[in-house]
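data_13.txt follows (compact mmCIF, C-alpha atoms and all ligand atoms):
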```txt
# COMPACT_ATOMS: atom_id res chain seq x y z
CA MET A 1 -27.84 133.22 167.48
CA THR A 2 -28.07 129.47 167.77
CA THR A 3 -26.20 126.95 165.65
CA ASP A 4 -28.26 124.85 163.24
CA LEU A 5 -27.35 121.19 162.93
CA VAL A 6 -28.15 119.39 159.68
CA PRO A 7 -27.39 115.66 159.58
CA VAL A 8 -26.15 113.99 156.41
CA ALA A 9 -27.36 110.39 156.85
CA LEU A 10 -24.98 108.01 155.11
CA GLY A 11 -24.74 105.01 157.42
CA THR A 12 -21.28 104.65 158.90
CA ARG A 13 -20.15 107.71 156.92
CA SER A 14 -22.82 110.01 158.36
CA TYR A 15 -21.79 113.44 159.54
CA GLU A 16 -23.20 116.75 160.64
CA VAL A 17 -23.21 120.18 159.02
CA ARG A 18 -23.13 122.86 161.72
CA ILE A 19 -24.27 126.31 160.59
CA GLY A 20 -23.95 129.49 162.62
CA ALA A 21 -22.03 132.67 163.34
CA GLY A 22 -18.73 132.40 165.20
CA LEU A 23 -18.13 128.70 164.54
CA ILE A 24 -14.50 129.23 163.50
CA ALA A 25 -13.75 130.87 166.84
CA ARG A 26 -15.12 127.67 168.44
CA ALA A 27 -13.55 125.28 165.93
CA GLY A 28 -11.16 123.77 168.49
CA ALA A 29 -14.01 122.52 170.66
CA GLU A 30 -16.03 121.44 167.59
CA ILE A 31 -13.19 119.39 166.11
CA ALA A 32 -11.59 118.04 169.31
CA PRO A 33 -13.93 115.02 169.65
CA LEU A 34 -12.75 113.73 166.25
CA LEU A 35 -9.06 113.79 167.16
CA ARG A 36 -7.00 110.86 168.38
CA ARG A 37 -4.01 113.13 168.86
CA LYS A 38 -4.16 116.87 169.40
CA ARG A 39 -2.80 117.95 166.02
CA VAL A 40 -4.41 118.97 162.73
CA ALA A 41 -3.12 119.95 159.28
CA VAL A 42 -4.97 122.89 157.73
CA ILE A 43 -4.91 123.72 154.02
CA THR A 44 -6.29 127.08 152.93
CA ASP A 45 -5.74 129.74 150.27
CA ASP A 46 -3.87 133.02 150.65
CA THR A 47 -6.99 135.22 150.70
CA VAL A 48 -8.83 133.14 153.30
CA ALA A 49 -5.62 132.89 155.34
CA SER A 50 -5.21 136.67 155.40
CA HIS A 51 -8.75 137.18 156.71
CA HIS A 52 -9.43 134.21 158.95
CA LEU A 53 -6.50 131.86 159.63
CA MET A 54 -5.54 133.64 162.84
CA THR A 55 -9.02 133.09 164.27
CA LEU A 56 -8.83 129.38 163.46
CA ALA A 57 -5.30 129.07 164.87
CA GLU A 58 -6.38 130.68 168.16
CA ALA A 59 -9.47 128.49 168.37
CA LEU A 60 -7.39 125.32 167.97
CA ASP A 61 -4.71 126.57 170.35
CA SER A 62 -7.30 127.32 173.03
CA GLN A 63 -8.09 123.58 173.10
CA GLY A 64 -4.43 122.58 173.08
CA ILE A 65 -4.60 121.41 169.45
CA ALA A 66 -1.38 121.95 167.50
CA MET A 67 -1.83 123.23 163.95
CA VAL A 68 0.35 123.10 160.86
CA ALA A 69 -0.92 125.09 157.87
CA LEU A 70 -0.30 125.29 154.13
CA SER A 71 -1.67 128.11 151.98
CA ILE A 72 -2.11 127.84 148.23
CA PRO A 73 -2.76 130.63 145.70
CA PRO A 74 -6.47 131.53 145.43
CA GLY A 75 -8.49 130.72 142.33
CA GLU A 76 -9.70 127.90 140.11
CA SER A 77 -6.25 127.37 138.59
CA SER A 78 -5.11 125.92 141.93
CA LYS A 79 -7.57 123.02 141.47
CA GLY A 80 -5.19 120.94 139.35
CA TRP A 81 -2.34 118.45 139.38
CA GLU A 82 0.29 120.91 140.59
CA GLN A 83 -1.40 121.91 143.86
CA TYR A 84 -2.76 118.37 144.30
CA ALA A 85 0.80 117.03 144.25
CA ARG A 86 1.99 119.85 146.48
CA CYS A 87 -0.73 119.31 149.09
CA SER A 88 -0.27 115.52 149.05
CA GLU A 89 3.52 115.76 149.47
CA TRP A 90 3.12 118.35 152.21
CA LEU A 91 0.63 116.19 154.13
CA LEU A 92 3.09 113.28 153.92
CA GLU A 93 5.94 115.54 155.09
CA GLN A 94 3.75 116.51 158.04
CA LYS A 95 3.40 112.79 158.77
CA ILE A 96 -0.37 112.86 158.53
CA GLU A 97 -1.63 109.35 159.12
CA ARG A 98 -4.96 107.63 158.59
CA ARG A 99 -6.05 108.34 162.15
CA ASP A 100 -5.39 112.09 161.73
CA VAL A 101 -7.73 114.84 160.56
CA VAL A 102 -7.05 117.37 157.81
CA VAL A 103 -8.98 120.66 157.64
CA ALA A 104 -10.02 122.15 154.29
CA PHE A 105 -10.42 125.85 155.06
CA GLY A 106 -11.69 127.89 152.12
CA GLY A 107 -14.06 127.99 149.18
CA GLY A 108 -14.99 125.25 146.76
CA VAL A 109 -11.54 125.20 145.22
CA VAL A 110 -9.83 124.37 148.51
CA GLY A 111 -12.62 121.97 149.52
CA ASP A 112 -12.55 119.98 146.26
CA LEU A 113 -8.74 119.90 146.08
CA VAL A 114 -8.07 119.06 149.73
CA GLY A 115 -10.96 116.58 149.83
CA PHE A 116 -9.46 114.75 146.85
CA ALA A 117 -5.96 114.84 148.36
CA CYS A 118 -7.45 113.29 151.53
CA ALA A 119 -9.34 110.66 149.50
CA THR A 120 -6.09 109.41 148.03
CA LEU A 121 -3.63 110.09 150.85
CA ARG A 122 -2.83 106.71 152.39
CA ARG A 123 -6.03 105.45 150.66
CA GLY A 124 -8.20 107.79 152.66
CA VAL A 125 -7.69 110.22 155.51
CA ARG A 126 -10.54 111.90 157.41
CA PHE A 127 -11.13 115.59 156.78
CA VAL A 128 -13.22 118.47 158.08
CA GLN A 129 -14.67 121.07 155.74
CA ILE A 130 -14.72 124.67 156.95
CA PRO A 131 -16.31 126.32 153.90
CA THR A 132 -15.78 130.09 153.65
CA THR A 133 -17.75 131.06 150.53
CA LEU A 134 -21.52 131.00 150.17
CA LEU A 135 -21.13 128.52 147.32
CA ALA A 136 -19.01 126.19 149.43
CA GLN A 137 -21.36 126.45 152.43
CA VAL A 138 -24.51 125.60 150.49
CA ASP A 139 -23.06 123.19 147.98
CA SER A 140 -19.49 122.00 147.55
CA SER A 141 -18.65 121.22 151.20
CA VAL A 142 -21.61 118.83 151.52
CA GLY A 143 -22.00 115.56 149.68
CA GLY A 144 -18.50 114.22 149.26
CA LYS A 145 -17.73 115.06 145.64
CA THR A 146 -14.04 115.93 145.50
CA GLY A 147 -11.71 116.38 142.58
CA ILE A 148 -9.46 118.43 140.36
CA ASN A 149 -9.47 119.80 136.81
CA THR A 150 -7.25 118.67 133.95
CA THR A 151 -6.57 120.13 130.50
CA GLN A 152 -9.45 117.89 129.28
CA GLY A 153 -11.98 119.60 131.51
CA LYS A 154 -13.32 120.32 134.97
CA ASN A 155 -13.67 117.80 137.78
CA LEU A 156 -12.63 114.88 135.55
CA ILE A 157 -10.33 113.37 138.17
CA GLY A 158 -11.97 112.83 141.52
CA ALA A 159 -13.47 110.64 144.18
CA PHE A 160 -16.43 110.45 146.48
CA HIS A 161 -14.96 111.12 149.91
CA GLN A 162 -17.31 112.38 152.61
CA PRO A 163 -16.03 114.81 155.24
CA SER A 164 -16.28 113.88 158.93
CA LEU A 165 -17.76 117.27 159.85
CA VAL A 166 -18.70 120.54 158.14
CA LEU A 167 -18.50 123.86 159.99
CA ALA A 168 -20.26 126.63 158.07
CA ASP A 169 -19.52 129.91 159.85
CA ILE A 170 -21.97 132.51 158.53
CA GLY A 171 -19.78 135.33 159.86
CA VAL A 172 -16.97 134.72 157.34
CA LEU A 173 -19.30 135.60 154.48
CA ASN A 174 -18.88 139.25 155.51
CA THR A 175 -15.40 139.40 153.98
CA LEU A 176 -16.46 137.92 150.62
CA GLU A 177 -16.34 140.11 147.54
CA PRO A 178 -19.97 140.98 146.61
CA ARG A 179 -19.50 139.26 143.26
CA ASP A 180 -18.45 136.02 144.95
CA PHE A 181 -21.43 136.24 147.31
CA LEU A 182 -23.86 136.66 144.41
CA ALA A 183 -22.23 133.80 142.52
CA GLY A 184 -22.93 131.55 145.51
CA TYR A 185 -26.49 132.81 145.44
CA GLY A 186 -26.89 131.13 142.04
CA GLU A 187 -26.64 127.77 143.84
CA VAL A 188 -28.99 128.90 146.65
CA VAL A 189 -31.75 129.86 144.23
CA LYS A 190 -31.17 126.54 142.43
CA TYR A 191 -32.46 124.65 145.50
CA GLY A 192 -35.72 126.56 145.51
CA LEU A 193 -36.13 126.08 141.78
CA LEU A 194 -35.40 122.37 141.80
CA GLY A 195 -37.48 121.24 144.73
CA ASP A 196 -38.89 123.80 147.14
CA ALA A 197 -41.29 126.42 145.78
CA ALA A 198 -41.87 127.82 149.28
CA PHE A 199 -38.12 128.45 149.61
CA PHE A 200 -38.14 130.29 146.27
CA ASP A 201 -41.06 132.41 147.57
CA TRP A 202 -38.99 133.12 150.69
CA LEU A 203 -36.00 134.13 148.57
CA GLU A 204 -38.12 136.48 146.48
CA VAL A 205 -39.08 138.29 149.69
CA ASN A 206 -35.84 137.99 151.68
CA GLY A 207 -33.06 137.61 149.09
CA PRO A 208 -32.18 141.30 148.81
CA ALA A 209 -31.93 141.83 152.60
CA MET A 210 -29.93 138.63 152.89
CA ALA A 211 -27.46 139.79 150.24
CA ALA A 212 -27.23 143.16 152.04
CA GLY A 213 -25.88 141.35 155.10
CA ASP A 214 -28.71 140.21 157.39
CA MET A 215 -27.11 137.37 159.37
CA GLY A 216 -30.34 135.69 160.45
CA LEU A 217 -31.57 135.52 156.86
CA ARG A 218 -28.19 134.23 155.69
CA GLN A 219 -28.24 131.47 158.28
CA TYR A 220 -31.73 130.37 157.23
CA ALA A 221 -30.81 130.39 153.52
CA VAL A 222 -27.69 128.30 154.14
CA LYS A 223 -29.58 125.93 156.45
CA ARG A 224 -32.44 125.35 154.01
CA SER A 225 -30.00 124.83 151.12
CA VAL A 226 -27.92 122.36 153.11
CA GLU A 227 -31.04 120.50 154.25
CA MET A 228 -32.05 120.02 150.65
CA LYS A 229 -28.61 118.90 149.53
CA ALA A 230 -28.21 116.60 152.54
CA GLY A 231 -31.56 114.97 151.83
CA ILE A 232 -30.77 114.34 148.18
CA VAL A 233 -27.25 113.10 148.90
CA SER A 234 -28.39 110.69 151.61
CA ARG A 235 -30.95 109.19 149.20
CA ASP A 236 -28.58 109.03 146.21
CA GLU A 237 -24.93 109.44 147.23
CA THR A 238 -23.32 108.46 143.91
CA GLU A 239 -25.78 110.10 141.49
CA GLU A 240 -27.64 107.08 140.19
CA GLY A 241 -30.84 109.14 140.04
CA GLU A 242 -32.19 111.99 142.13
CA ARG A 243 -28.81 113.62 142.78
CA ALA A 244 -28.73 114.67 139.12
CA LEU A 245 -31.39 117.27 140.00
CA LEU A 246 -28.61 119.25 141.67
CA ASN A 247 -27.34 119.87 138.13
CA LEU A 248 -30.28 122.15 137.30
CA GLY A 249 -28.85 124.90 135.09
CA HIS A 250 -25.48 123.17 134.91
CA THR A 251 -25.53 121.81 131.33
CA PHE A 252 -25.89 125.36 130.04
CA CYS A 253 -23.46 126.58 132.70
CA HIS A 254 -20.72 124.14 131.73
CA ALA A 255 -20.93 125.11 128.06
CA LEU A 256 -20.71 128.80 129.00
CA GLU A 257 -17.79 128.16 131.37
CA LYS A 258 -15.94 126.34 128.60
CA ALA A 259 -16.75 129.10 126.11
CA THR A 260 -15.32 131.71 128.48
CA GLY A 261 -12.26 129.62 129.31
CA TYR A 262 -13.14 129.21 133.01
CA SER A 263 -12.01 132.80 133.41
CA SER A 264 -13.25 135.68 135.54
CA ARG A 265 -15.61 136.54 132.65
CA LEU A 266 -18.02 134.07 134.23
CA LEU A 267 -17.93 132.58 137.73
CA HIS A 268 -19.45 129.13 138.21
CA GLY A 269 -22.41 130.35 140.27
CA GLU A 270 -23.10 133.12 137.74
CA GLY A 271 -23.27 130.45 135.05
CA VAL A 272 -25.67 128.46 137.23
CA ALA A 273 -28.00 131.46 137.54
CA ILE A 274 -27.98 132.01 133.76
CA GLY A 275 -28.33 128.26 133.23
CA CYS A 276 -31.37 128.03 135.52
CA ALA A 277 -33.06 130.85 133.59
CA LEU A 278 -32.34 129.01 130.31
CA ALA A 279 -33.53 125.66 131.71
CA PHE A 280 -36.86 127.23 132.65
CA GLU A 281 -37.09 128.87 129.23
CA LEU A 282 -36.47 125.47 127.60
CA SER A 283 -39.06 123.84 129.88
CA GLN A 284 -41.64 126.44 128.89
CA ARG A 285 -40.93 125.92 125.17
CA MET A 286 -41.40 122.19 125.64
CA GLY A 287 -44.81 122.94 127.10
CA LEU A 288 -43.79 121.62 130.49
CA CYS A 289 -44.41 124.76 132.51
CA SER A 290 -46.30 128.03 132.18
CA GLN A 291 -44.74 131.23 130.85
CA GLU A 292 -45.03 132.64 134.36
CA ALA A 293 -42.29 130.34 135.70
CA PRO A 294 -39.35 131.53 133.53
CA SER A 295 -40.54 135.12 133.98
CA ARG A 296 -40.44 134.82 137.77
CA VAL A 297 -37.00 133.21 137.69
CA ARG A 298 -35.57 135.98 135.53
CA ALA A 299 -37.27 138.76 137.51
CA HIS A 300 -35.87 137.44 140.79
CA LEU A 301 -32.33 137.02 139.48
CA LYS A 302 -32.45 140.52 138.05
CA ALA A 303 -33.71 141.92 141.36
CA MET A 304 -30.76 140.27 143.09
CA GLY A 305 -28.32 141.86 140.65
CA THR A 306 -26.76 138.59 139.54
CA LYS A 307 -26.06 137.69 135.93
CA VAL A 308 -29.15 136.32 134.18
CA ASP A 309 -28.77 136.92 130.42
CA LEU A 310 -26.05 135.87 127.99
CA ALA A 311 -25.65 139.63 127.42
CA ASP A 312 -24.35 139.89 131.00
CA ILE A 313 -21.24 137.91 130.00
CA PRO A 314 -18.55 140.28 128.70
CA GLY A 315 -16.80 139.48 125.40
CA ASP A 316 -17.72 137.21 122.49
CA LEU A 317 -19.53 133.89 122.76
CA PRO A 318 -19.80 131.06 120.21
CA ASP A 319 -23.06 130.82 118.22
CA ALA A 320 -25.86 128.45 119.28
CA ALA A 321 -24.37 125.50 117.39
CA GLY A 322 -21.01 126.18 119.01
CA LEU A 323 -22.55 126.25 122.49
CA LEU A 324 -24.50 123.05 121.75
CA ALA A 325 -21.26 121.36 120.69
CA LEU A 326 -19.68 122.40 123.99
CA MET A 327 -22.60 120.75 125.80
CA GLY A 328 -21.98 117.57 123.85
CA GLN A 329 -18.62 117.24 125.57
CA ASP A 330 -20.23 117.44 128.94
CA LYS A 331 -19.49 114.38 131.04
CA LYS A 332 -23.19 114.08 131.89
CA VAL A 333 -24.01 113.00 128.33
CA VAL A 334 -25.50 109.52 128.42
CA ASP A 335 -25.31 107.39 125.22
CA GLY A 336 -24.81 110.46 123.01
CA LYS A 337 -28.11 112.06 124.08
CA LEU A 338 -28.20 115.41 125.82
CA ARG A 339 -29.56 115.27 129.31
CA PHE A 340 -31.17 118.32 130.82
CA ILE A 341 -32.77 118.99 134.15
CA LEU A 342 -36.10 120.56 133.24
CA ALA A 343 -39.02 121.73 135.37
CA ARG A 344 -42.79 121.43 135.41
CA GLY A 345 -42.87 124.58 137.50
CA ILE A 346 -40.91 126.29 140.25
CA GLY A 347 -39.78 123.62 142.69
CA GLN A 348 -40.61 120.76 140.30
CA ALA A 349 -37.45 119.72 138.49
CA PHE A 350 -36.93 116.34 136.84
CA VAL A 351 -34.36 114.60 134.66
CA ALA A 352 -35.13 114.65 130.93
CA ASP A 353 -32.89 112.30 128.94
CA ASP A 354 -33.92 112.98 125.38
CA VAL A 355 -34.31 116.70 124.80
CA PRO A 356 -34.63 117.66 121.10
CA GLY A 357 -31.46 119.42 120.01
CA ASP A 358 -33.25 121.87 117.71
CA LEU A 359 -35.28 123.23 120.61
CA VAL A 360 -32.09 123.81 122.62
CA THR A 361 -30.60 125.55 119.58
CA ALA A 362 -33.68 127.76 119.30
CA VAL A 363 -33.51 128.77 122.97
CA LEU A 364 -29.81 129.60 122.65
CA THR A 365 -30.29 131.47 119.35
CA ASP A 366 -32.92 133.68 120.94
CA ALA A 367 -30.83 134.18 124.08
CA LEU A 368 -27.84 135.19 121.94
CA ARG A 369 -30.00 137.51 119.83
CA VAL A 370 -30.88 139.53 122.94
CA ARG A 371 -27.13 140.17 123.24
CA SER A 372 -26.70 141.96 119.96
N1 LIG B 1 -17.82 119.33 145.19
C1 LIG B 1 -18.96 119.83 144.82
O1 LIG B 1 -20.02 119.21 145.02
C2 LIG B 1 -19.00 121.17 144.17
C3 LIG B 1 -20.22 121.84 144.01
C4 LIG B 1 -20.22 123.11 143.46
C5 LIG B 1 -19.01 123.70 143.07
N2 LIG B 1 -17.85 123.02 143.24
C6 LIG B 1 -16.56 123.64 142.88
O2 LIG B 1 -16.35 124.76 143.72
C7 LIG B 1 -15.44 125.64 143.08
C8 LIG B 1 -15.91 127.06 143.25
O3 LIG B 1 -15.96 127.36 144.62
P1 LIG B 1 -16.00 128.87 145.14
O4 LIG B 1 -16.98 129.63 144.36
O5 LIG B 1 -16.10 128.81 146.61
O6 LIG B 1 -14.59 129.43 144.63
P2 LIG B 1 -13.20 129.70 145.36
O7 LIG B 1 -12.85 128.64 146.30
O8 LIG B 1 -12.24 130.01 144.26
O9 LIG B 1 -13.48 131.05 146.16
C9 LIG B 1 -13.79 132.24 145.48
C10 LIG B 1 -12.87 133.38 145.93
O10 LIG B 1 -13.25 133.80 147.23
C11 LIG B 1 -12.11 133.86 148.08
N3 LIG B 1 -12.61 133.62 149.44
C12 LIG B 1 -13.01 132.45 149.97
N4 LIG B 1 -13.54 132.64 151.19
C13 LIG B 1 -13.45 133.96 151.45
C14 LIG B 1 -13.84 134.80 152.53
N5 LIG B 1 -14.51 134.29 153.60
N6 LIG B 1 -13.58 136.10 152.46
C15 LIG B 1 -12.96 136.64 151.36
N7 LIG B 1 -12.60 135.92 150.30
C16 LIG B 1 -12.84 134.60 150.34
C17 LIG B 1 -11.17 132.84 147.53
O11 LIG B 1 -9.84 133.11 147.89
C18 LIG B 1 -11.40 132.99 146.03
O12 LIG B 1 -10.63 134.05 145.53
C19 LIG B 1 -15.38 125.19 141.63
O13 LIG B 1 -14.14 124.56 141.39
C20 LIG B 1 -16.50 124.19 141.50
O14 LIG B 1 -16.23 123.18 140.55
C21 LIG B 1 -17.83 121.79 143.78
ZN ZN B 2 -22.68 124.19 140.71
```
Please re-express this file's structure in structure tokens.
Ligand SMILES: NC(=O)c1ccc[n+]([C@@H]2O[C@H](COP(=O)([O-])OP(=O)(O)OC[C@H]3O[C@@H](n4cnc5c(N)ncnc54)[C@H](O)[C@@H]3O)[C@@H](O)[C@H]2O)c1
Ligand SMILES: [Zn+2]
Amino acid sequence: MTTDLVPVALGTRSYEVRIGAGLIARAGAEIAPLLRRKRVAVITDDTVASHHLMTLAEALDSQGIAMVALSIPPGESSKGWEQYARCSEWLLEQKIERRDVVVAFGGGVVGDLVGFACATLRRGVRFVQIPTTLLAQVDSSVGGKTGINTTQGKNLIGAFHQPSLVLADIGVLNTLEPRDFLAGYGEVVKYGLLGDAAFFDWLEVNGPAMAAGDMGLRQYAVKRSVEMKAGIVSRDETEEGERALLNLGHTFCHALEKATGYSSRLLHGEGVAIGCALAFELSQRMGLCSQEAPSRVRAHLKAMGTKVDLADIPGDLPDAAGLLALMGQDKKVVDGKLRFILARGIGQAFVADDVPGDLVTAVLTDALRVRS
């Protein structure tokens, strides 16, 4: 299979996302042109290391590139001050300088954490993303948002720091837990819903075979997702406008993530899938789109076997007012008004800045009622 190349056009900070099977085994040759000395520092997590670090080490070694590696515990709790300090100190101990390249090798947690460490290390060190989850390949590795969580909330400390290269190896998705794959799918379907109805049609037909492991279908889905993200990011790098569309489903998602304590009760991508279904429901109630649109969204998510209803979240949830209050704390609130990404149909999302709170409450009340 060939490698797809998707450019992210950002002037002097432009880079390429390379998508294909077997890229990690060729990573030495892919990365070598970026290096001024033949040495890289790799940061990964323990799970990714156990499956794939040997392949990366051999690929670098085959090109005469020396590698030092640090592995952190897997999971969202690593995306905080403690591991940020640890990674930063380790990179300094390894004498990583501004002309060097750091490799972030893992899912979105490793990518966000290591990207942020690189943004601040010596005021900015270049880094390469090698995303190993579906979510990281289609979303977090592209676009330069990096950061960590604090006790106040998620992603509140961060920086825009674009990678120098992204290598998305489709083959590594084979070792993902099915639940993690489906969570990443929440972000894939988001792209179709926000701006590409034909892609959503394609996913309705091909999604199940893709989830079952078809590599060609996986490569196309990642490529199309990355193309969409790259286009939006190159037009609006710092989210002054269009980039906000990437938050389709995310206002609901963030409230649900807070309500479930960012625990394994709800993975981020699962919350995005539920949030997209709710955003279409809200759009329909505002008379923006037909009843057919939310029905199709829900039917497809159900067919894929991902979470789609609030009833799919185990344990108790706050009532509608409680969930609305959690949305109010969202950092995307502008001047006290709730901002939602709504849709005029599949593939036609837009930013709505003044959504009536009582309508959101009604949507949530009904969604919660289905639970009981
Ligand atoms: N920067 C952005 O633009 C952006 C966008 C979306 C999400 N995010 C962030 O991404 C994070 C979530 O990322 P994620 O879903 O990749 O989570 P993750 O990095 O925690 O990975 C999920 C799990 O999969 C394991 N794993 C990773 N690759 C594997 C592989 N190939 N085989 C087997 N196991 C593997 C990990 O060890 C982990 O246990 C969140 O912190 C979220 O805020 C950032
Ligand atoms: Zn997301």
- Would you mind listing what lies within 7 Å of stretch 187-193 of chain A as a list in words, with only C-alpha atoms counted and same-chain residues fewer than 5 positions away left out? Leu135, Val138, Phe199, Phe200, Ser225, Met228, Leu248, Gly269, Val272, Ile346 and Gly347 of chain A
Would you output that residue set with C-alpha atoms, as a PDB file, in the frame of the given file?
```pdb
ATOM      1  CA  LEU A 135     -21.130 128.520 147.320  1.00  0.00           C
ATOM      2  CA  VAL A 138     -24.510 125.600 150.490  1.00  0.00           C
ATOM      3  CA  PHE A 199     -38.120 128.450 149.610  1.00  0.00           C
ATOM      4  CA  PHE A 200     -38.140 130.290 146.270  1.00  0.00           C
ATOM      5  CA  SER A 225     -30.000 124.830 151.120  1.00  0.00           C
ATOM      6  CA  MET A 228     -32.050 120.020 150.650  1.00  0.00           C
ATOM      7  CA  LEU A 248     -30.280 122.150 137.300  1.00  0.00           C
ATOM      8  CA  GLY A 269     -22.410 130.350 140.270  1.00  0.00           C
ATOM      9  CA  VAL A 272     -25.670 128.460 137.230  1.00  0.00           C
ATOM     10  CA  ILE A 346     -40.910 126.290 140.250  1.00  0.00           C
ATOM     11  CA  GLY A 347     -39.780 123.620 142.690  1.00  0.00           C
TER      12      GLY A 347
END
```
- Note on the structure: Across A:Leu60, A:Leu10, A:Ala49, A:Cys118, the smallest distance to ligand LIG 1 (chain B), with all atoms listed in the file counted, is shown by A:Ala49
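Closest approach to A:Gly11 from the set A:Pro33, A:Ser234, A:Glu82, A:Thr55 is made by A:Ser234, with distances taken over only C-alpha atoms.
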- Message: At a cut-off of 10 Å around ligand ZN 2 (chain B), and using all atoms listed in the file, what residues come up? Please write them as a list of chain:residue names.
- Response: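 For ligand ZN 2 (chain B), the residues inside 10 Å are A:Gly108, A:Leu135, A:Ala136, A:Asp139, A:Ser140, A:Ala183, A:Gly184, A:Gly186, A:Glu187, A:Val188, A:Lys190, A:Leu246, A:Asn247, A:Leu248, A:Gly249, A:His250, A:Cys253, A:His254, A:His268, A:Gly269, A:Glu270, A:Gly271, A:Val272, A:Ala273.
Candidate residues A:Ala211, A:Leu278, A:Ala299, A:Ala25 were compared for distance to A:Leu173, and the nearest is A:Ala211, using all atoms listed in the file.
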- Give the residues close to ligand LIG 1 (chain B), within 6 Å, counting only C-alpha atoms and all ligand atoms; write them as a list of chain:residue names.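 My answer, listing the contacting residues, is A:Asp45, A:Thr47, A:Val48, A:Pro74, A:Gly75, A:Glu76, A:Gly106, A:Gly107, A:Gly108, A:Val109, A:Val110, A:Asp112, A:Thr132, A:Thr133, A:Leu135, A:Ala136, A:Asp139, A:Ser140, A:Lys145, A:Thr146, A:Val172, A:Leu173, A:Thr175, A:Leu176.
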Selection file, C-alpha atoms, as a short mmCIF file (atom, residue, chain, number, x, y, z; two decimals), in the coordinates of the input:
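Saved result, result20.cif, follows:
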```
data_model
loop_
_atom_site.label_atom_id
_atom_site.label_comp_id
_atom_site.auth_asym_id
_atom_site.auth_seq_id
_atom_site.Cartn_x
_atom_site.Cartn_y
_atom_site.Cartn_z
CA ASP A 45 -5.74 129.74 150.27
CA THR A 47 -6.99 135.22 150.70
CA VAL A 48 -8.83 133.14 153.30
CA PRO A 74 -6.47 131.53 145.43
CA GLY A 75 -8.49 130.72 142.33
CA GLU A 76 -9.70 127.90 140.11
CA GLY A 106 -11.69 127.89 152.12
CA GLY A 107 -14.06 127.99 149.18
CA GLY A 108 -14.99 125.25 146.76
CA VAL A 109 -11.54 125.20 145.22
CA VAL A 110 -9.83 124.37 148.51
CA ASP A 112 -12.55 119.98 146.26
CA THR A 132 -15.78 130.09 153.65
CA THR A 133 -17.75 131.06 150.53
CA LEU A 135 -21.13 128.52 147.32
CA ALA A 136 -19.01 126.19 149.43
CA ASP A 139 -23.06 123.19 147.98
CA SER A 140 -19.49 122.00 147.55
CA LYS A 145 -17.73 115.06 145.64
CA THR A 146 -14.04 115.93 145.50
CA VAL A 172 -16.97 134.72 157.34
CA LEU A 173 -19.30 135.60 154.48
CA THR A 175 -15.40 139.40 153.98
CA LEU A 176 -16.46 137.92 150.62
#
```
- Can you tell me, as a PyMOL selection string, what residues are no more than 12 Å from A:Arg123 when counting only C-alpha atoms, ignoring any on the same chain fewer than 6 positions away? chain A and resi 88+97-99+116-117+159+161
- Skip A:Ala57 itself and residues of its chain fewer than 5 positions away, then list as a list in words all residues within 9 Å of it, counting all atoms listed in the file.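 Using all atoms listed in the file, the neighbours found are Ala25, Gly28, His52, Ser62, Ile65, Ala66 and Met67 of chain A.
Between A:Glu257 and the residues A:Leu53, A:Leu310, A:Leu182, A:Leu70, the shortest atom-to-atom distance, using all atoms listed in the file, involves A:Leu310.
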- Which value, in Å to one decimal, gives the distance between atom CA of A:Asp366 and atom CA of A:Ala244?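 Distance between the two atoms: 26.6 Å.
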